[in-house]
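Data block for structure_8.txt (compact mmCIF, C-alpha atoms and all ligand atoms):
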# COMPACT_ATOMS: atom_id res chain seq x y z
CA MET A 23 65.81 -42.88 -22.21
CA SER A 24 63.90 -39.69 -22.97
CA ILE A 25 63.42 -38.40 -26.52
CA LYS A 26 65.34 -35.17 -27.20
CA VAL A 27 63.00 -32.71 -28.87
CA MET A 28 63.66 -29.42 -30.67
CA ILE A 29 60.66 -27.19 -31.44
CA VAL A 30 60.96 -24.86 -34.43
CA GLY A 31 58.44 -22.04 -34.14
CA ALA A 32 58.32 -22.51 -30.33
CA LYS A 33 57.10 -18.93 -29.80
CA GLY A 34 54.02 -19.36 -32.00
CA ARG A 35 50.47 -20.34 -31.02
CA MET A 36 50.99 -24.03 -31.82
CA GLY A 37 54.69 -24.06 -30.89
CA SER A 38 54.12 -22.70 -27.36
CA GLU A 39 51.43 -25.36 -26.74
CA ALA A 40 53.92 -27.99 -27.92
CA VAL A 41 56.54 -26.64 -25.47
CA LYS A 42 54.06 -26.94 -22.57
CA MET A 43 53.06 -30.45 -23.66
CA SER A 44 56.66 -31.68 -23.90
CA LEU A 45 57.56 -30.23 -20.49
CA GLN A 46 54.73 -32.24 -18.94
CA ASP A 47 55.85 -35.59 -20.37
CA PRO A 48 58.81 -37.21 -18.56
CA GLU A 49 59.47 -39.31 -21.69
CA LEU A 50 60.28 -36.14 -23.63
CA ASP A 51 63.29 -33.86 -23.11
CA PHE A 52 62.71 -30.42 -24.66
CA VAL A 53 66.25 -29.21 -25.39
CA CYS A 54 65.94 -26.21 -27.67
CA GLY A 55 63.54 -23.78 -29.33
CA VAL A 56 64.11 -22.20 -32.73
CA ASP A 57 62.70 -18.85 -33.76
CA SER A 58 63.24 -16.59 -36.78
CA LYS A 59 64.74 -13.80 -34.62
CA LEU A 60 65.15 -14.70 -30.93
CA ILE A 61 68.54 -15.89 -29.68
CA ASN A 62 69.91 -16.72 -26.21
CA VAL A 63 66.65 -15.98 -24.43
CA ASP A 64 64.77 -18.50 -22.33
CA VAL A 65 61.88 -20.13 -24.20
CA GLY A 66 59.74 -20.31 -21.03
CA GLU A 67 60.19 -16.56 -20.36
CA VAL A 68 59.09 -15.75 -23.91
CA ILE A 69 55.96 -17.90 -23.86
CA GLY A 70 54.95 -16.69 -20.39
CA ILE A 71 55.50 -19.77 -18.21
CA GLY A 72 58.66 -18.54 -16.45
CA PRO A 73 62.27 -19.67 -16.96
CA ILE A 74 62.82 -23.33 -17.95
CA GLY A 75 66.53 -23.21 -18.79
CA VAL A 76 65.97 -23.93 -22.50
CA PRO A 77 67.34 -21.40 -25.01
CA PHE A 78 66.07 -20.02 -28.29
CA TYR A 79 68.29 -20.14 -31.38
CA ASN A 80 67.60 -18.08 -34.47
CA SER A 81 69.11 -20.62 -36.84
CA LEU A 82 68.08 -24.25 -37.24
CA GLU A 83 71.52 -25.18 -38.60
CA THR A 84 73.33 -23.73 -35.54
CA ALA A 85 70.86 -25.33 -33.15
CA LEU A 86 71.42 -28.71 -34.81
CA GLU A 87 75.20 -28.27 -34.43
CA GLN A 88 74.85 -27.36 -30.73
CA PHE A 89 72.44 -30.10 -29.63
CA LYS A 90 72.05 -33.79 -30.19
CA VAL A 91 68.37 -34.02 -31.07
CA ASP A 92 66.15 -37.00 -31.91
CA VAL A 93 63.08 -35.17 -33.20
CA MET A 94 62.49 -31.75 -34.77
CA VAL A 95 58.92 -30.52 -34.37
CA ASP A 96 58.11 -27.86 -36.98
CA LEU A 97 55.19 -25.48 -36.38
CA THR A 98 56.19 -22.51 -38.51
CA THR A 99 55.04 -21.23 -41.90
CA PRO A 100 54.41 -22.66 -45.40
CA LYS A 101 57.43 -20.65 -46.64
CA THR A 102 59.99 -22.15 -44.27
CA VAL A 103 58.85 -25.71 -43.57
CA TYR A 104 60.31 -27.39 -46.66
CA ASN A 105 63.87 -26.18 -45.98
CA HIS A 106 63.56 -27.01 -42.28
CA MET A 107 62.55 -30.56 -43.11
CA LYS A 108 65.38 -30.97 -45.60
CA THR A 109 67.95 -29.68 -43.10
CA ALA A 110 66.68 -31.97 -40.34
CA ILE A 111 66.54 -35.10 -42.51
CA GLN A 112 70.05 -34.47 -43.87
CA ALA A 113 71.26 -34.15 -40.26
CA GLY A 114 69.60 -37.49 -39.38
CA VAL A 115 66.96 -35.79 -37.21
CA ARG A 116 63.37 -37.03 -37.49
CA PRO A 117 60.85 -34.33 -38.50
CA VAL A 118 57.36 -34.16 -36.97
CA VAL A 119 55.60 -31.49 -38.96
CA GLY A 120 52.28 -29.77 -38.34
CA THR A 121 52.98 -26.82 -40.61
CA THR A 122 50.66 -26.93 -43.61
CA GLY A 123 51.19 -25.69 -47.16
CA LEU A 124 53.73 -28.24 -48.51
CA SER A 125 53.00 -29.06 -52.17
CA PRO A 126 52.51 -32.68 -53.32
CA ALA A 127 55.82 -32.44 -55.23
CA GLU A 128 57.65 -31.25 -52.10
CA ILE A 129 56.12 -34.09 -50.05
CA ARG A 130 57.28 -36.61 -52.67
CA GLU A 131 60.84 -35.17 -52.60
CA LEU A 132 60.91 -35.30 -48.81
CA GLU A 133 59.66 -38.90 -48.86
CA GLU A 134 62.56 -39.76 -51.15
CA LEU A 135 65.04 -37.90 -48.93
CA CYS A 136 63.81 -39.77 -45.83
CA LYS A 137 64.22 -43.07 -47.68
CA GLN A 138 67.77 -42.17 -48.76
CA HIS A 139 68.79 -41.21 -45.23
CA ARG A 140 66.67 -43.94 -43.56
CA VAL A 141 65.13 -41.29 -41.34
CA GLY A 142 61.53 -41.53 -40.11
CA GLY A 143 59.22 -38.53 -40.39
CA ILE A 144 55.59 -37.54 -39.95
CA ILE A 145 53.70 -34.75 -41.70
CA ALA A 146 50.30 -34.31 -40.06
CA PRO A 147 48.02 -31.69 -41.63
CA ASN A 148 45.89 -32.14 -38.51
CA PHE A 149 47.03 -33.52 -35.16
CA ALA A 150 43.55 -33.58 -33.58
CA ILE A 151 42.22 -37.12 -33.15
CA GLY A 152 38.65 -35.90 -33.81
CA ALA A 153 39.75 -34.41 -37.12
CA ILE A 154 41.36 -37.70 -38.15
CA LEU A 155 38.07 -39.45 -37.39
CA MET A 156 36.18 -36.78 -39.36
CA MET A 157 38.43 -37.52 -42.37
CA LYS A 158 38.04 -41.29 -42.03
CA PHE A 159 34.24 -41.03 -41.64
CA SER A 160 34.12 -38.73 -44.68
CA GLN A 161 36.01 -41.29 -46.75
CA MET A 162 33.53 -43.98 -45.63
CA ALA A 163 30.55 -41.77 -46.52
CA ALA A 164 31.93 -40.74 -49.93
CA LYS A 165 31.80 -44.33 -51.10
CA TYR A 166 28.00 -44.25 -50.82
CA MET A 167 27.33 -40.51 -51.21
CA PRO A 168 29.84 -39.21 -53.80
CA GLU A 169 28.28 -35.71 -54.11
CA VAL A 170 30.25 -33.77 -51.53
CA GLU A 171 31.44 -30.28 -50.58
CA ILE A 172 34.05 -29.38 -47.96
CA ILE A 173 33.74 -26.18 -45.94
CA GLU A 174 36.79 -25.43 -43.80
CA MET A 175 36.85 -22.53 -41.33
CA HIS A 176 39.94 -21.06 -39.67
CA HIS A 177 41.17 -17.95 -37.83
CA ASP A 178 42.05 -15.03 -40.09
CA GLN A 179 45.83 -15.24 -39.46
CA LYS A 180 46.10 -18.49 -41.40
CA LEU A 181 48.39 -18.12 -44.43
CA ASP A 182 47.39 -21.04 -46.67
CA ALA A 183 44.03 -21.89 -48.25
CA PRO A 184 42.48 -24.36 -48.50
CA SER A 185 43.75 -25.81 -45.23
CA GLY A 186 46.03 -28.85 -45.17
CA THR A 187 43.20 -30.74 -43.48
CA ALA A 188 40.79 -29.91 -46.32
CA ILE A 189 43.34 -31.03 -48.92
CA LYS A 190 44.02 -34.25 -47.02
CA THR A 191 40.27 -34.90 -46.66
CA ALA A 192 39.78 -34.26 -50.39
CA GLU A 193 42.60 -36.68 -51.23
CA MET A 194 41.08 -39.37 -49.02
CA ILE A 195 37.62 -38.85 -50.55
CA ALA A 196 39.11 -38.96 -54.06
CA GLU A 197 40.56 -42.42 -53.30
CA VAL A 198 37.03 -43.86 -53.15
CA ARG A 199 35.00 -41.44 -55.31
CA GLU A 200 34.89 -41.68 -59.08
CA GLU A 201 36.10 -38.34 -60.43
CA HIS A 202 33.27 -36.20 -61.81
CA ARG A 203 32.35 -32.52 -61.92
CA GLN A 204 29.51 -31.67 -59.51
CA GLY A 205 26.74 -29.11 -59.92
CA HIS A 206 24.72 -28.11 -62.97
CA PRO A 207 26.80 -28.36 -66.18
CA GLN A 208 25.70 -24.83 -67.08
CA GLU A 209 26.13 -23.24 -63.65
CA LYS A 210 27.76 -19.80 -63.84
CA GLU A 211 29.53 -17.88 -61.10
CA GLU A 212 28.03 -14.38 -60.85
CA ILE A 213 30.96 -13.49 -58.57
CA ASP A 214 34.33 -15.23 -59.12
CA GLY A 215 35.00 -18.00 -56.63
CA ALA A 216 31.36 -18.34 -55.56
CA ARG A 217 31.49 -22.11 -56.03
CA GLY A 218 34.83 -22.49 -54.26
CA ALA A 219 37.96 -24.32 -55.42
CA PHE A 220 37.44 -27.64 -57.20
CA TYR A 221 39.34 -30.83 -56.34
CA GLN A 222 38.63 -33.66 -58.79
CA GLY A 223 35.24 -32.07 -59.48
CA PHE A 224 34.01 -31.31 -55.95
CA PRO A 225 34.22 -27.93 -54.21
CA ILE A 226 36.25 -26.81 -51.20
CA HIS A 227 35.30 -23.52 -49.51
CA SER A 228 37.60 -21.63 -47.11
CA VAL A 229 36.22 -19.32 -44.43
CA ARG A 230 38.64 -17.01 -42.54
CA LEU A 231 37.36 -15.10 -39.50
CA PRO A 232 38.71 -13.88 -36.16
CA GLY A 233 37.32 -15.97 -33.31
CA LEU A 234 37.64 -19.26 -35.18
CA VAL A 235 40.40 -21.81 -34.40
CA ALA A 236 40.14 -24.79 -36.84
CA HIS A 237 36.84 -26.24 -38.01
CA GLN A 238 35.67 -28.34 -40.93
CA GLN A 239 32.34 -29.52 -42.21
CA VAL A 240 32.03 -32.16 -44.92
CA MET A 241 28.54 -32.17 -46.49
CA PHE A 242 27.17 -35.03 -48.54
CA GLY A 243 23.96 -34.93 -50.51
CA SER A 244 21.92 -37.55 -52.33
CA GLU A 245 18.28 -37.98 -53.33
CA GLY A 246 16.11 -36.66 -50.48
CA GLN A 247 18.87 -36.61 -47.83
CA THR A 248 22.04 -34.88 -46.64
CA LEU A 249 24.74 -35.96 -44.23
CA THR A 250 27.06 -33.51 -42.45
CA ILE A 251 30.26 -34.56 -40.67
CA ARG A 252 31.79 -31.78 -38.63
CA HIS A 253 34.83 -31.33 -36.44
CA ASP A 254 35.74 -28.30 -34.30
CA SER A 255 39.06 -27.59 -32.61
CA ILE A 256 38.13 -24.93 -30.09
CA HIS A 257 41.58 -24.75 -28.48
CA ARG A 258 45.07 -25.58 -29.76
CA SER A 259 45.49 -28.03 -26.88
CA SER A 260 43.32 -30.36 -29.04
CA PHE A 261 46.35 -30.92 -31.27
CA MET A 262 48.82 -31.86 -28.54
CA PRO A 263 47.99 -35.56 -27.93
CA GLY A 264 48.61 -36.04 -31.68
CA VAL A 265 51.94 -34.17 -31.51
CA ASN A 266 52.97 -36.29 -28.51
CA LEU A 267 51.97 -39.52 -30.24
CA SER A 268 53.83 -38.52 -33.42
CA ILE A 269 57.07 -37.73 -31.52
CA LYS A 270 57.02 -41.23 -30.02
CA LYS A 271 55.92 -42.99 -33.20
CA VAL A 272 58.52 -41.31 -35.42
CA MET A 273 61.31 -42.87 -33.33
CA VAL A 274 60.50 -46.30 -34.80
CA LEU A 275 59.89 -45.22 -38.40
CA GLU A 276 62.32 -45.34 -41.31
CA GLU A 277 60.10 -43.52 -43.81
CA LEU A 278 58.05 -40.36 -44.10
CA ILE A 279 54.34 -40.70 -43.29
CA TYR A 280 51.89 -38.09 -44.57
CA GLY A 281 48.71 -38.06 -42.46
CA LEU A 282 48.14 -39.09 -38.86
CA GLU A 283 45.36 -41.46 -40.00
CA LYS A 284 48.19 -43.80 -41.08
CA VAL A 285 49.54 -43.81 -37.52
CA ILE A 286 46.19 -44.22 -35.75
CA GLU A 287 44.75 -47.47 -37.08
P1 LIG B 301 51.99 -18.76 -35.58
O1 LIG B 301 51.39 -18.46 -34.27
O2 LIG B 301 52.12 -17.67 -36.59
O3 LIG B 301 53.44 -19.39 -35.31
C1 LIG B 301 54.42 -19.60 -36.29
C2 LIG B 301 55.76 -19.41 -35.63
O4 LIG B 301 56.79 -19.77 -36.53
C3 LIG B 301 56.01 -17.95 -35.22
O5 LIG B 301 56.45 -17.91 -33.89
C4 LIG B 301 57.12 -17.53 -36.18
O6 LIG B 301 57.98 -16.57 -35.63
C5 LIG B 301 57.85 -18.84 -36.38
N1 LIG B 301 58.73 -18.83 -37.55
C6 LIG B 301 58.49 -18.31 -38.77
N2 LIG B 301 59.56 -18.51 -39.56
C7 LIG B 301 60.47 -19.18 -38.82
C8 LIG B 301 61.78 -19.66 -39.06
N3 LIG B 301 62.36 -19.51 -40.25
N4 LIG B 301 62.43 -20.29 -38.06
C9 LIG B 301 61.84 -20.47 -36.87
N5 LIG B 301 60.61 -20.02 -36.56
C10 LIG B 301 59.94 -19.38 -37.54
O7 LIG B 301 51.22 -19.94 -36.31
P2 LIG B 301 50.43 -21.18 -35.65
O8 LIG B 301 49.00 -20.85 -35.53
O9 LIG B 301 51.19 -21.63 -34.45
O10 LIG B 301 50.57 -22.26 -36.80
C11 LIG B 301 51.82 -22.76 -37.22
C12 LIG B 301 51.61 -23.73 -38.36
O11 LIG B 301 50.89 -24.87 -37.87
C13 LIG B 301 50.75 -23.20 -39.52
O12 LIG B 301 51.25 -23.70 -40.74
C14 LIG B 301 49.36 -23.77 -39.25
O13 LIG B 301 48.61 -23.91 -40.43
C15 LIG B 301 49.76 -25.10 -38.68
N6 LIG B 301 48.75 -25.76 -37.85
C16 LIG B 301 48.76 -27.11 -37.88
C17 LIG B 301 47.90 -27.82 -37.11
C18 LIG B 301 47.95 -29.33 -37.17
O14 LIG B 301 47.20 -29.98 -36.44
N7 LIG B 301 48.80 -29.91 -37.99
C19 LIG B 301 47.00 -27.16 -36.26
C20 LIG B 301 47.03 -25.78 -36.22
C21 LIG B 301 47.93 -25.09 -37.01
P3 LIG B 301 58.02 -15.06 -36.24
O15 LIG B 301 56.66 -14.52 -36.02
O16 LIG B 301 59.08 -14.40 -35.48
O17 LIG B 301 58.35 -15.21 -37.71

Please lay out the structure from this file as structure tokens.
Amino acid sequence: MSIKVMIVGAKGRMGSEAVKMSLQDPELDFVCGVDSKLINVDVGEVIGIGPIGVPFYNSLETALEQFKVDVMVDLTTPKTVYNHMKTAIQAGVRPVVGTTGLSPAEIRELEELCKQHRVGGIIAPNFAIGAILMMKFSQMAAKYMPEVEIIEMHHDQKLDAPSGTAIKTAEMIAEVREEHRQGHPQEKEEIDGARGAFYQGFPIHSVRLPGLVAHQQVMFGSEGQTLTIRHDSIHRSSFMPGVNLSIKKVMVLEELIYGLEKVIE
């Protein structure tokens, strides 16, 4: 039986890629799109692929009343994602979330809510397999080269900084790196922010420019050598195999998983 999928933010850059991906997979049944404004218009018409007979709703609650859905994919904004997840979990619908910007406290609350309702969920700050490998390799390297800086680079329409991927990478590095402040103890910023944002003593820098999609470089330095691990998503299609995998995986989960690296062993 196919998995019934609702895509919240289906008109957006990521959402419209997710619509195309789900239409191509016979194991998935894309039943409804949710947008902040659009109602009773065909999702396919809006995203430029022609009519597909799937409507937009402008309210997640109404859409959940109208359709029996297995999975809610959320690709919206940091402001809306928490409430969307709460609504879905309470309705017994499994969230697969690519939207970044959830705080650690919100993630903990949502984990608890999933446990209470015995609903599986996945929050993936990055759905690209290459980015997951970049994070895993960075964690491996940090064990031996604990002096590290993260430079993440995204398009200039991105709302949150640092990126969810950079935060997740920092958390994974911190699991193996003894916390300590990097740089010269007397270093002084001549311009505020010059050294970036510090996570457990190591810097994260965020670049925002038109032309970029999603890129990250993790630089390690030790006596006489440096190591750079870099990943580039040059098209949003790079995220879709991870979205597809998450939709299938979440069907057999009974808890909330934060990070696709826990799904891809
Ligand atoms: P985008 O093009 O701005 O799309 C966001 C969409 O969400 C818009 O269509 C927007 O519609 C819609 N939206 C906003 N509020 C909504 C609401 N309350 N209900 C329903 N829809 C709502 O952004 P994007 O580039 O696709 O990125 C979306 C999210 O995914 C961001 O958080 C981004 O950081 C994240 N992202 C994740 C990954 C990953 O691998 N996990 C990769 C890339 C991006 P309106 O314009 O009408 O408000």

> Of the residues A:Ser228, A:Ser24, A:Gln112, A:Ser260, which is the one nearest to His177 of chain A, using all atoms listed in the file?
Replying inline: A:Ser228

Find the residues near ligand LIG 301 (chain B). Use a cut-off of 6 Å, count all atoms listed in the file, and write them as a PDB file with C-alpha atoms, in the coordinates of the input.
ATOM      1  CA  VAL A  30      60.960 -24.860 -34.430  1.00  0.00           C
ATOM      2  CA  GLY A  31      58.440 -22.040 -34.140  1.00  0.00           C
ATOM      3  CA  LYS A  33      57.100 -18.930 -29.800  1.00  0.00           C
ATOM      4  CA  GLY A  34      54.020 -19.360 -32.000  1.00  0.00           C
ATOM      5  CA  ARG A  35      50.470 -20.340 -31.020  1.00  0.00           C
ATOM      6  CA  MET A  36      50.990 -24.030 -31.820  1.00  0.00           C
ATOM      7  CA  GLY A  37      54.690 -24.060 -30.890  1.00  0.00           C
ATOM      8  CA  VAL A  56      64.110 -22.200 -32.730  1.00  0.00           C
ATOM      9  CA  ASP A  57      62.700 -18.850 -33.760  1.00  0.00           C
ATOM     10  CA  SER A  58      63.240 -16.590 -36.780  1.00  0.00           C
ATOM     11  CA  LYS A  59      64.740 -13.800 -34.620  1.00  0.00           C
ATOM     12  CA  LEU A  97      55.190 -25.480 -36.380  1.00  0.00           C
ATOM     13  CA  THR A  98      56.190 -22.510 -38.510  1.00  0.00           C
ATOM     14  CA  THR A  99      55.040 -21.230 -41.900  1.00  0.00           C
ATOM     15  CA  PRO A 100      54.410 -22.660 -45.400  1.00  0.00           C
ATOM     16  CA  THR A 102      59.990 -22.150 -44.270  1.00  0.00           C
ATOM     17  CA  GLY A 120      52.280 -29.770 -38.340  1.00  0.00           C
ATOM     18  CA  THR A 121      52.980 -26.820 -40.610  1.00  0.00           C
ATOM     19  CA  THR A 122      50.660 -26.930 -43.610  1.00  0.00           C
ATOM     20  CA  ALA A 146      50.300 -34.310 -40.060  1.00  0.00           C
ATOM     21  CA  PRO A 147      48.020 -31.690 -41.630  1.00  0.00           C
ATOM     22  CA  ASN A 148      45.890 -32.140 -38.510  1.00  0.00           C
ATOM     23  CA  PHE A 149      47.030 -33.520 -35.160  1.00  0.00           C
ATOM     24  CA  ALA A 150      43.550 -33.580 -33.580  1.00  0.00           C
ATOM     25  CA  PHE A 261      46.350 -30.920 -31.270  1.00  0.00           C
TER      26      PHE A 261
END

> Quick one, how far is atom CA of Gln247 of chain A from atom CA of Gln222 of chain A?
Replying inline: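 Distance reported for this atom pair: 22.8 Å.
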
Distance query Tyr104 of chain A at most 9 Å, all atoms listed in the file, self and fewer than 2 positions along chain excluded, as a tab-separated table (two decimals) with C-alpha atoms, in the frame of the given file:
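Produced file out.tsv, reproduced below:
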chain	number	residue	atom	x	y	z
A	100	PRO	CA	54.41	-22.66	-45.40
A	101	LYS	CA	57.43	-20.65	-46.64
A	102	THR	CA	59.99	-22.15	-44.27
A	106	HIS	CA	63.56	-27.01	-42.28
A	107	MET	CA	62.55	-30.56	-43.11
A	108	LYS	CA	65.38	-30.97	-45.60
A	109	THR	CA	67.95	-29.68	-43.10
A	124	LEU	CA	53.73	-28.24	-48.51
A	128	GLU	CA	57.65	-31.25	-52.10
A	129	ILE	CA	56.12	-34.09	-50.05
A	132	LEU	CA	60.91	-35.30	-48.81

>> Need to verify the contact set: Ile144 of chain A, 8 Å, only C-alpha atoms, exclusion of same-chain residues closer than 5 positions in sequence. Can you return it as a list in words?
In response: Pro117, Val118, Val119, Ser268, Val272, Leu278, Ile279, Tyr280, Gly281 and Leu282 of chain A

>> Need to verify the contact set: Ile74 of chain A, 12 Å, all atoms listed in the file, exclusion of same-chain residues closer than 5 positions in sequence. Can you return it as a list in words?
In response: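 Result of the neighbour search: Val41, Lys42, Ser44, Leu45, Asp51, Phe52, Val53, Cys54, Gly55, Val63, Asp64, Val65, Gly66, Glu67, Val68 and Ile69 of chain A.
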
Mind dumping the selected residues with C-alpha atoms as a tab-separated table (two decimals), keeping the file's coordinate frame?
chain	number	residue	atom	x	y	z
A	41	VAL	CA	56.54	-26.64	-25.47
A	42	LYS	CA	54.06	-26.94	-22.57
A	44	SER	CA	56.66	-31.68	-23.90
A	45	LEU	CA	57.56	-30.23	-20.49
A	51	ASP	CA	63.29	-33.86	-23.11
A	52	PHE	CA	62.71	-30.42	-24.66
A	53	VAL	CA	66.25	-29.21	-25.39
A	54	CYS	CA	65.94	-26.21	-27.67
A	55	GLY	CA	63.54	-23.78	-29.33
A	63	VAL	CA	66.65	-15.98	-24.43
A	64	ASP	CA	64.77	-18.50	-22.33
A	65	VAL	CA	61.88	-20.13	-24.20
A	66	GLY	CA	59.74	-20.31	-21.03
A	67	GLU	CA	60.19	-16.56	-20.36
A	68	VAL	CA	59.09	-15.75	-23.91
A	69	ILE	CA	55.96	-17.90	-23.86

> Quick one, how far is atom CA of Ala32 of chain A from atom CA of Gln138 of chain A?
Replying inline: 28.6 Å

> Contacts of segment 187-195 of chain A at 7 Å or less, counting all atoms listed in the file, minus same-chain residues fewer than 3 places along, as a ChimeraX atom specification?
Replying inline: /A:147-148,157,160-161,164,172,174,184,198-199,221

> So how far away is atom CA of Gly152 of chain A from atom CA of Gln238 of chain A, in Å?
Replying inline: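 Going from atom CA of Gln238 of chain A over to atom CA of Gly152 of chain A covers 10.8 Å.
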
>> Could you check the closest approach to Lys180 of chain A for each of A:Pro77, A:Gly142, A:Val229, A:Met162 and tell me which residue wins, using only C-alpha atoms?
In response: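 With only C-alpha atoms as the atom set, the closest residue is A:Val229.
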
>> I'd like the contact shell of Leu234 of chain A - 8 Å cut-off, all atoms listed in the file, skipping same-chain residues fewer than 5 positions apart - returned as a ChimeraX atom specification.
In response: /A:175-178,256

Create the file for the chosen residues now, containing C-alpha atoms and written as an mmCIF file, in the frame of the given file.
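Listed below is the output, again12.cif:
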data_model
loop_
_atom_site.group_PDB
_atom_site.id
_atom_site.type_symbol
_atom_site.label_atom_id
_atom_site.label_comp_id
_atom_site.auth_asym_id
_atom_site.auth_seq_id
_atom_site.Cartn_x
_atom_site.Cartn_y
_atom_site.Cartn_z
ATOM 1 C CA MET A 175 36.850 -22.530 -41.330
ATOM 2 C CA HIS A 176 39.940 -21.060 -39.670
ATOM 3 C CA HIS A 177 41.170 -17.950 -37.830
ATOM 4 C CA ASP A 178 42.050 -15.030 -40.090
ATOM 5 C CA ILE A 256 38.130 -24.930 -30.090
#

> Between A:Pro126, A:Ala113, A:Ala236, A:Glu133, which one has atoms that come closest to Gln179 of chain A, using all atoms listed in the file?
Replying inline: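 Using all atoms listed in the file, the shortest distance to Gln179 of chain A belongs to A:Ala236.
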